[in-house]
Amino acid sequence: MRIFLTIITTLCCAPKVILGVLNEPRNVHMTSHNMDMVLRWDPPENTPEVFYTAEYNSTVSESRPGCVNTSLLYCDFTTGAWSLSVYGTYRGRVRAQRGKESSVWVESSPLTLDKNTIIGPPNVTLVSNGVHMTINIRNPVFRISELRRVYNRASYNITYWKEGEEGKAQSLSIQQNLVVLSDLEPLSRYCVKAHINTQTNIKTSQESRVTCERTTDRERTLWLEAVLTFVVMVMVVTMVVVAVLYRKKLSSFLCPSDSLPQHFKKNIFETPSSLIYVAMGNHHPPVEAYDQVNVMTPDNNTDGRPLVAEEDH
């Protein structure tokens, strides 16, 4: 009996001692918010001071490393993951490690990014113009791609109501990011909230925060516009009249004429007193001196005597 108990104990306990198997992480699951992909887990029971290694794979690829020897209880696969597709289906797995000991791999359920990601709230801003209210919606920022590239048929569901009358709220659905609410009551405060419906994702987006703005009086707005228009026209007419009446002064001010210094004018208009300048002014052409020369050709010399030239001096 003692030998039998020893054998049973050895068979039951030996694998953990020889293989060094740790308890595995618990509650392993994949999450996605605004197109990121993060694997999360809880630490193993009764196993302190452990590290974790996490990987992910898809339906068409083998496991890829994500985090190695991390002490965190999550691994963000989006950071540095160039191969993630917004339409891909992924699984994550993680194991605990301590020295040479390690636990078995624990795998998460599959997650398809475009169908399972949680879309954050849109940003809503209001601009009041009389009894009209302009609603401008900005999409949440995705970690991978953009909302309109992933969900090209996305629409915005807008709910608005007069403050204090939320029970009478009205709704509308649009695809553009800008819409104008018309025929609201003047001098009243209206509130707006919105969420995104992608028609592909299982859930709609998170709702935006409630944004409120007050309308103004229609007559007061028209009166203010008329006053501003009148003031602008008066200023323009005044500037034109001033330009016409004082055009010469304005011209001389804007384009002043150049004037010579007085000592330059004196030197230019006075008669020079230099003797050389006077001599040059009274100069007459000199009389040219010349001599008259007669030349005889051999044809006129018949007796063979030397040629004689007559000269006049």
# chains A, B, ... in the order shown; residues from 1 in each chain; ligands from 1
>>> select_by_dssp(residues="segment 23-145 of chain A", states="alpha helix (DSSP H)", output="list of chain:residue names")
A:Leu113, A:Asp114, A:Lys115, A:Asn116
>>> write_last_selection(atoms="N, CA and C atoms", output="mmCIF file, in the first residue's frame")
data_model
loop_
_atom_site.group_PDB
_atom_site.id
_atom_site.type_symbol
_atom_site.label_atom_id
_atom_site.label_comp_id
_atom_site.auth_asym_id
_atom_site.auth_seq_id
_atom_site.Cartn_x
_atom_site.Cartn_y
_atom_site.Cartn_z
ATOM 1 N N LEU A 113 -12.629 43.576 -36.165
ATOM 2 C CA LEU A 113 -12.477 44.987 -35.816
ATOM 3 C C LEU A 113 -13.660 45.839 -36.242
ATOM 4 N N ASP A 114 -14.053 45.797 -37.520
ATOM 5 C CA ASP A 114 -15.103 46.713 -37.965
ATOM 6 C C ASP A 114 -16.468 46.382 -37.376
ATOM 7 N N LYS A 115 -16.673 45.148 -36.923
ATOM 8 C CA LYS A 115 -17.961 44.761 -36.361
ATOM 9 C C LYS A 115 -18.012 44.845 -34.841
ATOM 10 N N ASN A 116 -16.855 44.746 -34.189
ATOM 11 C CA ASN A 116 -16.850 44.664 -32.730
ATOM 12 C C ASN A 116 -16.210 45.862 -32.034
#
>>> select_by_dssp(residues="segment 58-264 of chain A", states="strand (DSSP E)", output="ChimeraX atom specification")
/A:58,61-70,74-76,89-98,101-102,106-107,111-112,123-129,132-138,155-162,170-174,178-181,189-197,211-214
>>> residues_around(residues="segment 140-145 of chain A", least_positions_apart="4", cutoff="9 Å", atoms="only C-alpha atoms", output="list of chain:residue names")
A:His33, A:Asn34, A:Met35, A:Asp36, A:Thr78, A:Leu84, A:Ser85, A:Val86, A:Ile119, A:Gly120, A:Pro121, A:Pro122, A:Asn123, A:Arg149, A:Val150
>>> residues_around(residues="Thr125 of chain A", least_positions_apart="6", cutoff="8 Å", atoms="only C-alpha atoms", output="mmCIF file with all heavy atoms, in the first residue's frame")
data_model
loop_
_atom_site.group_PDB
_atom_site.id
_atom_site.type_symbol
_atom_site.label_atom_id
_atom_site.label_comp_id
_atom_site.auth_asym_id
_atom_site.auth_seq_id
_atom_site.Cartn_x
_atom_site.Cartn_y
_atom_site.Cartn_z
ATOM 1 N N ILE A 135 -25.493 72.891 -36.603
ATOM 2 C CA ILE A 135 -24.878 71.776 -35.876
ATOM 3 C C ILE A 135 -23.711 71.257 -36.700
ATOM 4 O O ILE A 135 -23.870 70.881 -37.862
ATOM 5 C CB ILE A 135 -25.885 70.642 -35.628
ATOM 6 C CG1 ILE A 135 -27.102 71.167 -34.858
ATOM 7 C CG2 ILE A 135 -25.223 69.502 -34.863
ATOM 8 C CD1 ILE A 135 -28.193 70.111 -34.665
ATOM 9 N N ASN A 136 -22.528 71.239 -36.105
ATOM 10 C CA ASN A 136 -21.316 70.725 -36.759
ATOM 11 C C ASN A 136 -20.837 69.501 -35.993
ATOM 12 O O ASN A 136 -20.651 69.550 -34.769
ATOM 13 C CB ASN A 136 -20.237 71.799 -36.802
ATOM 14 C CG ASN A 136 -19.024 71.356 -37.592
ATOM 15 O OD1 ASN A 136 -19.112 70.418 -38.389
ATOM 16 N ND2 ASN A 136 -17.910 72.010 -37.392
ATOM 17 N N ILE A 137 -20.639 68.385 -36.699
ATOM 18 C CA ILE A 137 -20.265 67.121 -36.063
ATOM 19 C C ILE A 137 -18.883 66.705 -36.555
ATOM 20 O O ILE A 137 -18.626 66.691 -37.761
ATOM 21 C CB ILE A 137 -21.288 66.007 -36.376
ATOM 22 C CG1 ILE A 137 -22.685 66.433 -35.904
ATOM 23 C CG2 ILE A 137 -20.885 64.699 -35.724
ATOM 24 C CD1 ILE A 137 -23.769 65.442 -36.272
ATOM 25 N N THR A 211 -24.823 69.353 -25.686
ATOM 26 C CA THR A 211 -24.339 70.710 -25.954
ATOM 27 C C THR A 211 -25.541 71.640 -26.125
ATOM 28 O O THR A 211 -26.484 71.302 -26.855
ATOM 29 C CB THR A 211 -23.473 70.746 -27.218
ATOM 30 O OG1 THR A 211 -22.407 69.792 -27.090
ATOM 31 C CG2 THR A 211 -22.884 72.119 -27.436
#
>>> atom_distance(atom1="atom CA of Arg214 of chain A", atom2="atom CA of Ser128 of chain A")
6.8 Å
>>> closest_residue(among="A:Thr70, A:Leu184, A:Val237, A:Val28", to="Pro44 of chain A", atoms="only C-alpha atoms")
A:Val28
>>> residues_around(residues="Cys212 of chain A", least_positions_apart="3", cutoff="12 Å", atoms="only C-alpha atoms", output="PyMOL selection string")
chain A and resi 124-128+133-135+159-164+188-193+209+215
>>> write_last_selection(atoms="N, CA and C atoms", output="PDB file, in the first residue's frame")
ATOM      1  N   VAL A 124     -19.777  67.482 -30.950  1.00  0.00           N
ATOM      2  CA  VAL A 124     -20.854  68.328 -31.471  1.00  0.00           C
ATOM      3  C   VAL A 124     -20.629  69.767 -31.028  1.00  0.00           C
ATOM      4  N   THR A 125     -20.681  70.694 -31.993  1.00  0.00           N
ATOM      5  CA  THR A 125     -20.610  72.129 -31.692  1.00  0.00           C
ATOM      6  C   THR A 125     -21.818  72.829 -32.318  1.00  0.00           C
ATOM      7  N   LEU A 126     -22.285  73.893 -31.663  1.00  0.00           N
ATOM      8  CA  LEU A 126     -23.467  74.637 -32.106  1.00  0.00           C
ATOM      9  C   LEU A 126     -23.095  76.094 -32.359  1.00  0.00           C
ATOM     10  N   VAL A 127     -23.694  76.656 -33.415  1.00  0.00           N
ATOM     11  CA  VAL A 127     -23.532  78.079 -33.721  1.00  0.00           C
ATOM     12  C   VAL A 127     -24.922  78.653 -33.949  1.00  0.00           C
ATOM     13  N   SER A 128     -25.285  79.669 -33.148  1.00  0.00           N
ATOM     14  CA  SER A 128     -26.607  80.281 -33.244  1.00  0.00           C
ATOM     15  C   SER A 128     -26.580  81.476 -34.177  1.00  0.00           C
ATOM     16  N   MET A 133     -30.042  77.347 -35.935  1.00  0.00           N
ATOM     17  CA  MET A 133     -28.954  76.744 -35.185  1.00  0.00           C
ATOM     18  C   MET A 133     -28.185  75.803 -36.108  1.00  0.00           C
ATOM     19  N   THR A 134     -26.881  76.050 -36.265  1.00  0.00           N
ATOM     20  CA  THR A 134     -26.026  75.207 -37.099  1.00  0.00           C
ATOM     21  C   THR A 134     -25.339  74.166 -36.226  1.00  0.00           C
ATOM     22  N   ILE A 135     -25.493  72.891 -36.603  1.00  0.00           N
ATOM     23  CA  ILE A 135     -24.878  71.776 -35.876  1.00  0.00           C
ATOM     24  C   ILE A 135     -23.711  71.257 -36.700  1.00  0.00           C
ATOM     25  N   THR A 159     -30.460  64.269 -31.844  1.00  0.00           N
ATOM     26  CA  THR A 159     -31.630  64.531 -30.999  1.00  0.00           C
ATOM     27  C   THR A 159     -31.494  65.936 -30.423  1.00  0.00           C
ATOM     28  N   TYR A 160     -32.537  66.759 -30.559  1.00  0.00           N
ATOM     29  CA  TYR A 160     -32.481  68.121 -30.043  1.00  0.00           C
ATOM     30  C   TYR A 160     -33.808  68.459 -29.366  1.00  0.00           C
ATOM     31  N   TRP A 161     -33.744  69.341 -28.403  1.00  0.00           N
ATOM     32  CA  TRP A 161     -34.929  69.726 -27.644  1.00  0.00           C
ATOM     33  C   TRP A 161     -34.702  71.092 -27.000  1.00  0.00           C
ATOM     34  N   LYS A 162     -35.796  71.732 -26.692  1.00  0.00           N
ATOM     35  CA  LYS A 162     -35.742  72.992 -25.964  1.00  0.00           C
ATOM     36  C   LYS A 162     -35.461  72.689 -24.504  1.00  0.00           C
ATOM     37  N   GLU A 163     -34.568  73.446 -23.908  1.00  0.00           N
ATOM     38  CA  GLU A 163     -34.154  73.164 -22.539  1.00  0.00           C
ATOM     39  C   GLU A 163     -35.372  73.136 -21.614  1.00  0.00           C
ATOM     40  N   GLY A 164     -35.443  72.078 -20.802  1.00  0.00           N
ATOM     41  CA  GLY A 164     -36.574  71.901 -19.907  1.00  0.00           C
ATOM     42  C   GLY A 164     -37.702  71.111 -20.526  1.00  0.00           C
ATOM     43  N   SER A 188     -34.453  81.380 -26.915  1.00  0.00           N
ATOM     44  CA  SER A 188     -34.656  80.099 -26.215  1.00  0.00           C
ATOM     45  C   SER A 188     -33.370  79.295 -26.278  1.00  0.00           C
ATOM     46  N   ARG A 189     -33.176  78.457 -25.283  1.00  0.00           N
ATOM     47  CA  ARG A 189     -31.965  77.628 -25.190  1.00  0.00           C
ATOM     48  C   ARG A 189     -32.296  76.220 -25.668  1.00  0.00           C
ATOM     49  N   TYR A 190     -31.547  75.745 -26.651  1.00  0.00           N
ATOM     50  CA  TYR A 190     -31.749  74.415 -27.207  1.00  0.00           C
ATOM     51  C   TYR A 190     -30.519  73.544 -26.941  1.00  0.00           C
ATOM     52  N   CYS A 191     -30.786  72.252 -26.743  1.00  0.00           N
ATOM     53  CA  CYS A 191     -29.731  71.291 -26.446  1.00  0.00           C
ATOM     54  C   CYS A 191     -29.702  70.201 -27.520  1.00  0.00           C
ATOM     55  N   VAL A 192     -28.508  69.684 -27.796  1.00  0.00           N
ATOM     56  CA  VAL A 192     -28.311  68.715 -28.872  1.00  0.00           C
ATOM     57  C   VAL A 192     -27.353  67.622 -28.399  1.00  0.00           C
ATOM     58  N   LYS A 193     -27.637  66.393 -28.814  1.00  0.00           N
ATOM     59  CA  LYS A 193     -26.703  65.283 -28.647  1.00  0.00           C
ATOM     60  C   LYS A 193     -26.788  64.410 -29.891  1.00  0.00           C
ATOM     61  N   ARG A 209     -21.614  64.269 -25.690  1.00  0.00           N
ATOM     62  CA  ARG A 209     -22.102  65.041 -24.535  1.00  0.00           C
ATOM     63  C   ARG A 209     -23.184  66.010 -24.997  1.00  0.00           C
ATOM     64  N   THR A 215     -30.760  80.754 -28.830  1.00  0.00           N
ATOM     65  CA  THR A 215     -31.089  81.500 -30.039  1.00  0.00           C
ATOM     66  C   THR A 215     -31.262  82.973 -29.696  1.00  0.00           C
TER      67      THR A 215
END
